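Heads up, the thing below is written out as structure tokens.
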Amino acid sequence: MNKSRLWIAAAIFMVGCVAVVGTYRSGNSTLATSPTDDTTQFVTLTDVVPDAILEIRYFGTYNFVGDRIDGYQEPTALLTKQAAKALLEVSDDVREQGYRLKIYDAYRPQCGVDHFVRWAADLSDIRMKNYFYPDLDKSVPSIRSTSWQKADIRAEAPST
């Protein structure tokens with residue numbers, strides 16, 4: 001795989017894993033999971049990568065749920081400074097090849113994840129099935145798994 005494809009793969013992976021500050025419950029104790037509880041460590045992606053194309057679908061209704069997702073108060077991409085810097089490097093690399101980054105999601109607040117959980121529990125809500133998950137059966141337990149029910153943080157720059 002050539003360098004530009006690795007960068008693109010890293011960017012896609014990073015955006016999918018990027019920066020959600022939250023806590024989760026493990027047993028009876030609440031554990032803080034974020035090394036970036038300090039909100040000064042976050043930036044708006046377009047302040048760092050001005051030519052990034054944002055399509056923040058959870059701000060609107062064209063997403064797998066079919067509703068605006070809780071916590072999305074504006075169509076922006078918030079990232080840790082570290083993740084934004086890494087995406088700037090990717091953007092610079094792909095721009096030389098005539099491409100631009102398109103971002104569908106970034107910061108995901110816990111209330112947004114909670115919204116997904118409520119949606120997953122409502123087996124009758126399949127409004128967007130034909131558009132986003134035509135081959136999946138929402139009643140299958142793995143779709144409603146608890147493994148994705150808490151926001152997590154995983155934002156590291158790819159090593160070069």
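Letters for chains follow the order of the structure tokens (A, B, ...), residue numbers begin at 1 for each chain, and ligand numbers begin at 1 in the order shown.
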
With only C-alpha atoms counted and 8 Å as the cut-off, give the residues of stretch 35-58 of chain A in contact with stretch 70-93 of chain A, each with its shortest interatomic distance in Å and the pair that gives it, as CSV.
residue,atom,partner,partner_atom,distance
A:Thr36,CA,A:Thr80,CA,7.9
A:Gln41,CA,A:Thr80,CA,5.6
A:Phe42,CA,A:Thr80,CA,4.3
A:Val43,CA,A:Leu79,CA,5.6
A:Thr44,CA,A:Leu78,CA,4.7
A:Leu45,CA,A:Ala77,CA,5.5
A:Thr46,CA,A:Ala77,CA,7.6
A:Val48,CA,A:Ala84,CA,6.5
A:Val49,CA,A:Leu88,CA,5.6
A:Ala52,CA,A:Ser91,CA,7.8
A:Leu54,CA,A:Thr76,CA,7.1
A:Glu55,CA,A:Pro75,CA,7.6
A:Ile56,CA,A:Pro75,CA,5.4
A:Arg57,CA,A:Pro75,CA,7.9
A:Tyr58,CA,A:Tyr72,CA,6.6

Please produce an output containing C-alpha atoms for each residue in the selection, written as a PDB file, in the first residue's frame.
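File result26.pdb, as written:
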ATOM      1  CA  THR A  36      -8.375  15.378  27.538  1.00  0.00           C
ATOM      2  CA  GLN A  41      -7.220  20.519  24.037  1.00  0.00           C
ATOM      3  CA  PHE A  42     -10.013  20.569  21.440  1.00  0.00           C
ATOM      4  CA  VAL A  43     -10.257  22.605  18.246  1.00  0.00           C
ATOM      5  CA  THR A  44     -12.722  23.047  15.435  1.00  0.00           C
ATOM      6  CA  LEU A  45     -11.274  21.042  12.560  1.00  0.00           C
ATOM      7  CA  THR A  46     -11.897  23.731   9.945  1.00  0.00           C
ATOM      8  CA  VAL A  48      -6.841  23.774  11.358  1.00  0.00           C
ATOM      9  CA  VAL A  49      -7.842  22.269   7.988  1.00  0.00           C
ATOM     10  CA  ALA A  52     -11.981  20.062   4.848  1.00  0.00           C
ATOM     11  CA  LEU A  54     -17.820  18.675   6.565  1.00  0.00           C
ATOM     12  CA  GLU A  55     -20.911  16.518   6.266  1.00  0.00           C
ATOM     13  CA  ILE A  56     -21.917  16.181   9.888  1.00  0.00           C
ATOM     14  CA  ARG A  57     -24.915  13.966   9.367  1.00  0.00           C
ATOM     15  CA  TYR A  58     -25.835  13.654  13.024  1.00  0.00           C
TER      16      TYR A  58
END

Please return as a PDB file with all heavy atoms, in the first residue's frame: the residues of stretch 42-143 of chain A that backbone DSSP assigns to strand (DSSP E or B).
ATOM      1  N   PHE A  42      -9.190  20.807  22.613  1.00  0.00           N
ATOM      2  CA  PHE A  42     -10.013  20.569  21.440  1.00  0.00           C
ATOM      3  C   PHE A  42     -10.032  21.788  20.530  1.00  0.00           C
ATOM      4  O   PHE A  42      -9.942  22.921  20.993  1.00  0.00           O
ATOM      5  CB  PHE A  42     -11.448  20.218  21.849  1.00  0.00           C
ATOM      6  CG  PHE A  42     -11.568  18.838  22.419  1.00  0.00           C
ATOM      7  CD1 PHE A  42     -11.300  18.615  23.756  1.00  0.00           C
ATOM      8  CD2 PHE A  42     -11.930  17.773  21.624  1.00  0.00           C
ATOM      9  CE1 PHE A  42     -11.396  17.345  24.294  1.00  0.00           C
ATOM     10  CE2 PHE A  42     -12.033  16.504  22.147  1.00  0.00           C
ATOM     11  CZ  PHE A  42     -11.763  16.288  23.488  1.00  0.00           C
ATOM     12  N   VAL A  43     -10.161  21.536  19.244  1.00  0.00           N
ATOM     13  CA  VAL A  43     -10.257  22.605  18.246  1.00  0.00           C
ATOM     14  C   VAL A  43     -11.349  22.261  17.258  1.00  0.00           C
ATOM     15  O   VAL A  43     -11.755  21.105  17.130  1.00  0.00           O
ATOM     16  CB  VAL A  43      -8.920  22.809  17.482  1.00  0.00           C
ATOM     17  CG1 VAL A  43      -7.826  23.299  18.406  1.00  0.00           C
ATOM     18  CG2 VAL A  43      -8.495  21.530  16.759  1.00  0.00           C
ATOM     19  N   THR A  44     -11.816  23.264  16.558  1.00  0.00           N
ATOM     20  CA  THR A  44     -12.722  23.047  15.435  1.00  0.00           C
ATOM     21  C   THR A  44     -11.850  22.672  14.244  1.00  0.00           C
ATOM     22  O   THR A  44     -10.911  23.400  13.905  1.00  0.00           O
ATOM     23  CB  THR A  44     -13.526  24.323  15.153  1.00  0.00           C
ATOM     24  OG1 THR A  44     -14.268  24.652  16.325  1.00  0.00           O
ATOM     25  CG2 THR A  44     -14.476  24.131  13.984  1.00  0.00           C
ATOM     26  N   ILE A  53     -14.045  19.233   3.941  1.00  0.00           N
ATOM     27  CA  ILE A  53     -15.477  19.233   3.644  1.00  0.00           C
ATOM     28  C   ILE A  53     -16.174  18.552   4.815  1.00  0.00           C
ATOM     29  O   ILE A  53     -15.854  17.415   5.154  1.00  0.00           O
ATOM     30  CB  ILE A  53     -15.766  18.472   2.334  1.00  0.00           C
ATOM     31  CG1 ILE A  53     -15.015  19.109   1.171  1.00  0.00           C
ATOM     32  CG2 ILE A  53     -17.266  18.407   2.071  1.00  0.00           C
ATOM     33  CD1 ILE A  53     -14.962  18.224  -0.066  1.00  0.00           C
ATOM     34  N   LEU A  54     -17.101  19.245   5.430  1.00  0.00           N
ATOM     35  CA  LEU A  54     -17.820  18.675   6.565  1.00  0.00           C
ATOM     36  C   LEU A  54     -19.220  18.237   6.139  1.00  0.00           C
ATOM     37  O   LEU A  54     -19.954  19.002   5.522  1.00  0.00           O
ATOM     38  CB  LEU A  54     -17.948  19.692   7.697  1.00  0.00           C
ATOM     39  CG  LEU A  54     -16.662  20.243   8.285  1.00  0.00           C
ATOM     40  CD1 LEU A  54     -16.979  21.179   9.442  1.00  0.00           C
ATOM     41  CD2 LEU A  54     -15.728  19.139   8.728  1.00  0.00           C
ATOM     42  N   LEU A  78     -15.372  18.737  15.989  1.00  0.00           N
ATOM     43  CA  LEU A  78     -14.446  19.037  17.075  1.00  0.00           C
ATOM     44  C   LEU A  78     -13.490  17.862  17.232  1.00  0.00           C
ATOM     45  O   LEU A  78     -13.920  16.711  17.230  1.00  0.00           O
ATOM     46  CB  LEU A  78     -15.208  19.255  18.385  1.00  0.00           C
ATOM     47  CG  LEU A  78     -16.225  20.384  18.394  1.00  0.00           C
ATOM     48  CD1 LEU A  78     -16.963  20.411  19.726  1.00  0.00           C
ATOM     49  CD2 LEU A  78     -15.555  21.717  18.126  1.00  0.00           C
ATOM     50  N   LEU A  79     -12.214  18.183  17.360  1.00  0.00           N
ATOM     51  CA  LEU A  79     -11.188  17.158  17.496  1.00  0.00           C
ATOM     52  C   LEU A  79     -10.168  17.598  18.526  1.00  0.00           C
ATOM     53  O   LEU A  79     -10.038  18.791  18.807  1.00  0.00           O
ATOM     54  CB  LEU A  79     -10.437  16.959  16.169  1.00  0.00           C
ATOM     55  CG  LEU A  79     -11.237  16.489  14.982  1.00  0.00           C
ATOM     56  CD1 LEU A  79     -10.506  16.793  13.706  1.00  0.00           C
ATOM     57  CD2 LEU A  79     -11.476  15.010  15.105  1.00  0.00           C
ATOM     58  N   THR A  80      -9.399  16.635  19.027  1.00  0.00           N
ATOM     59  CA  THR A  80      -8.271  17.032  19.847  1.00  0.00           C
ATOM     60  C   THR A  80      -7.276  17.748  18.943  1.00  0.00           C
ATOM     61  O   THR A  80      -7.242  17.523  17.726  1.00  0.00           O
ATOM     62  CB  THR A  80      -7.574  15.827  20.502  1.00  0.00           C
ATOM     63  OG1 THR A  80      -7.070  14.975  19.482  1.00  0.00           O
ATOM     64  CG2 THR A  80      -8.515  15.077  21.436  1.00  0.00           C
ATOM     65  N   LYS A 102     -13.046  14.635   3.485  1.00  0.00           N
ATOM     66  CA  LYS A 102     -14.468  14.800   3.770  1.00  0.00           C
ATOM     67  C   LYS A 102     -14.732  14.126   5.114  1.00  0.00           C
ATOM     68  O   LYS A 102     -14.429  12.950   5.299  1.00  0.00           O
ATOM     69  CB  LYS A 102     -15.337  14.180   2.682  1.00  0.00           C
ATOM     70  CG  LYS A 102     -16.810  14.459   2.888  1.00  0.00           C
ATOM     71  CD  LYS A 102     -17.626  14.099   1.667  1.00  0.00           C
ATOM     72  CE  LYS A 102     -19.035  14.612   1.798  1.00  0.00           C
ATOM     73  NZ  LYS A 102     -19.797  14.377   0.567  1.00  0.00           N
ATOM     74  N   ILE A 103     -15.288  14.890   6.044  1.00  0.00           N
ATOM     75  CA  ILE A 103     -15.493  14.426   7.409  1.00  0.00           C
ATOM     76  C   ILE A 103     -16.991  14.261   7.648  1.00  0.00           C
ATOM     77  O   ILE A 103     -17.763  15.184   7.437  1.00  0.00           O
ATOM     78  CB  ILE A 103     -14.916  15.454   8.414  1.00  0.00           C
ATOM     79  CG1 ILE A 103     -13.465  15.822   8.079  1.00  0.00           C
ATOM     80  CG2 ILE A 103     -15.079  14.954   9.844  1.00  0.00           C
ATOM     81  CD1 ILE A 103     -12.477  14.685   8.116  1.00  0.00           C
TER      82      ILE A 103
END

Based on the backbone DSSP call, show me all residues of stretch 20-134 of chain A assigned helix (DSSP H, G or I), as a PyMOL selection string. chain A and resi 39-41+45-48+57-59+81-95+110-121+129-132

Any chance you can output those residues with C-alpha atoms as a tab-separated table (two decimals), in the first residue's frame?
chain	number	residue	atom	x	y	z
A	39	THR	CA	-11.55	21.32	26.73
A	40	THR	CA	-8.69	23.61	25.69
A	41	GLN	CA	-7.22	20.52	24.04
A	45	LEU	CA	-11.27	21.04	12.56
A	46	THR	CA	-11.90	23.73	9.94
A	47	ASP	CA	-9.76	26.14	11.99
A	48	VAL	CA	-6.84	23.77	11.36
A	57	ARG	CA	-24.92	13.97	9.37
A	58	TYR	CA	-25.84	13.65	13.02
A	59	PHE	CA	-26.71	17.38	13.01
A	81	LYS	CA	-5.43	19.31	18.76
A	82	GLN	CA	-3.32	16.20	18.21
A	83	ALA	CA	-5.88	14.59	15.90
A	84	ALA	CA	-6.45	17.85	13.98
A	85	LYS	CA	-2.71	18.25	13.46
A	86	ALA	CA	-2.49	14.69	12.11
A	87	LEU	CA	-5.42	15.32	9.75
A	88	LEU	CA	-3.68	18.50	8.54
A	89	GLU	CA	-0.69	16.38	7.52
A	90	VAL	CA	-3.01	13.97	5.70
A	91	SER	CA	-4.85	16.87	4.08
A	92	ASP	CA	-1.62	18.43	2.87
A	93	ASP	CA	-0.55	15.10	1.39
A	94	VAL	CA	-3.82	14.32	-0.41
A	95	ARG	CA	-4.30	17.93	-1.59
A	110	GLN	CA	-22.22	10.79	25.40
A	111	CYS	CA	-25.79	12.07	24.99
A	112	GLY	CA	-25.45	11.25	21.28
A	113	VAL	CA	-24.37	7.70	22.09
A	114	ASP	CA	-27.32	7.47	24.50
A	115	HIS	CA	-29.58	8.54	21.61
A	116	PHE	CA	-28.20	5.67	19.49
A	117	VAL	CA	-28.89	3.24	22.33
A	118	ARG	CA	-32.52	4.38	22.62
A	119	TRP	CA	-32.91	4.07	18.85
A	120	ALA	CA	-31.41	0.57	18.85
A	121	ALA	CA	-33.85	-0.53	21.56
A	129	LYS	CA	-33.03	0.90	6.88
A	130	ASN	CA	-33.22	1.11	3.08
A	131	TYR	CA	-30.64	3.91	3.02
A	132	PHE	CA	-28.12	2.92	5.68

What gap, in Å, lies between atom CA of A:Asp105 and atom CA of A:Ser124? 25.6 Å

For a test of reading the model, state the distance in Å between atom CA of A:Ile126 and atom CA of A:Ala106, rounded to one decimal. 24.4 Å

Give me, please, the distance in Å between atom CA of A:Asp51 and atom CA of A:Ile69, quoted to one decimal. 25.1 Å

Identify which of the residues A:Pro50, A:Asn63, A:Tyr99, A:Tyr107 lies closest to A:Met128, counting only C-alpha atoms when measuring atom-to-atom distances.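 Selected residue with least distance to A:Met128: A:Asn63.
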